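Chemist: If you scroll down you'll find the structure; I have some questions about it.
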Amino acid sequence: MKTGTIKFFNETKGFGFIKEDGSNAEHFVHATGLIDKVKDNDKVEFEVSEGKRGPSATNVKKI
């Protein structure tokens with residue numbers, strides 16, 4: 001599992017981005033990939049899966 005911080009999450013639109021720890025990588029996250037409810041600046045762990053529009057974070061949960 002990768003770890004990171006929620007950079008931005010729009011609950012109304014159901015998506016956001018996670019900044020991965022230890023790199024400059026940012027990962028798209030859709031509400032369907034969440035296990036826990038998240039908000040900006042939450043520390044999370046996640047997996048990266050190939051989605052319809054490219055890679056996205058899945059199984060996102062707070063740590």
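If you're wondering about the labels, chains in the structure tokens are A, B, ... by order shown, residues count from 1 in each chain, ligands from 1 in order shown.
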Which of chain A counts as strand (DSSP E or B) under DSSP, as a PyMOL selection string please?

Modeler: chain A and resi 2-10+15-20+26-30+34+43-51+54-62

Chemist: Can you spit out the residues from that selection as a compact mmCIF listing (two decimals), in the first residue's frame, using C-alpha atoms?

Modeler:
```txt
# COMPACT_ATOMS: atom_id res chain seq x y z
CA LYS A 2 1.16 3.52 -0.82
CA THR A 3 0.71 6.41 1.60
CA GLY A 4 -0.05 10.04 0.96
CA THR A 5 -2.10 13.11 1.82
CA ILE A 6 -5.43 14.23 0.39
CA LYS A 7 -4.44 17.35 -1.56
CA PHE A 8 -8.00 18.17 -2.57
CA PHE A 9 -11.33 16.34 -2.41
CA ASN A 10 -14.64 17.76 -3.66
CA PHE A 15 -13.39 13.24 -6.77
CA GLY A 16 -10.03 14.65 -5.76
CA PHE A 17 -6.28 14.06 -5.69
CA ILE A 18 -3.78 12.41 -3.37
CA LYS A 19 -0.13 13.53 -3.15
CA GLU A 20 1.99 10.42 -2.65
CA GLU A 26 -0.34 12.87 -7.59
CA HIS A 27 -3.12 10.33 -8.00
CA PHE A 28 -6.72 10.91 -9.04
CA VAL A 29 -9.27 9.48 -6.58
CA HIS A 30 -12.99 8.99 -7.23
CA LEU A 34 -12.90 5.38 -0.93
CA LYS A 43 -3.24 11.10 5.76
CA VAL A 44 -4.29 8.02 3.79
CA GLU A 45 -3.07 4.71 2.43
CA PHE A 46 -4.16 3.49 -0.98
CA GLU A 47 -3.53 1.28 -3.99
CA VAL A 48 -3.24 2.44 -7.60
CA SER A 49 -5.40 0.68 -10.19
CA GLU A 50 -5.87 1.23 -13.91
CA GLY A 51 -9.24 2.87 -14.52
CA GLY A 54 -5.92 6.01 -16.59
CA PRO A 55 -4.51 5.18 -13.17
CA SER A 56 -6.48 6.13 -10.07
CA ALA A 57 -6.29 5.55 -6.32
CA THR A 58 -8.48 2.79 -4.91
CA ASN A 59 -9.07 1.26 -1.47
CA VAL A 60 -8.34 4.66 0.07
CA LYS A 61 -8.50 4.67 3.86
CA LYS A 62 -7.37 7.03 6.59
```

Chemist: What is the atom CA of A:Glu11 to atom CA of A:Thr32 distance in Å?

Modeler: 11.6 Å

Chemist: Provide the atom CA of A:Met1 to atom CA of A:Lys13 distance in Å, to one decimal place.

Modeler: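 Atom CA of A:Lys13 lies 25.6 Å from atom CA of A:Met1.
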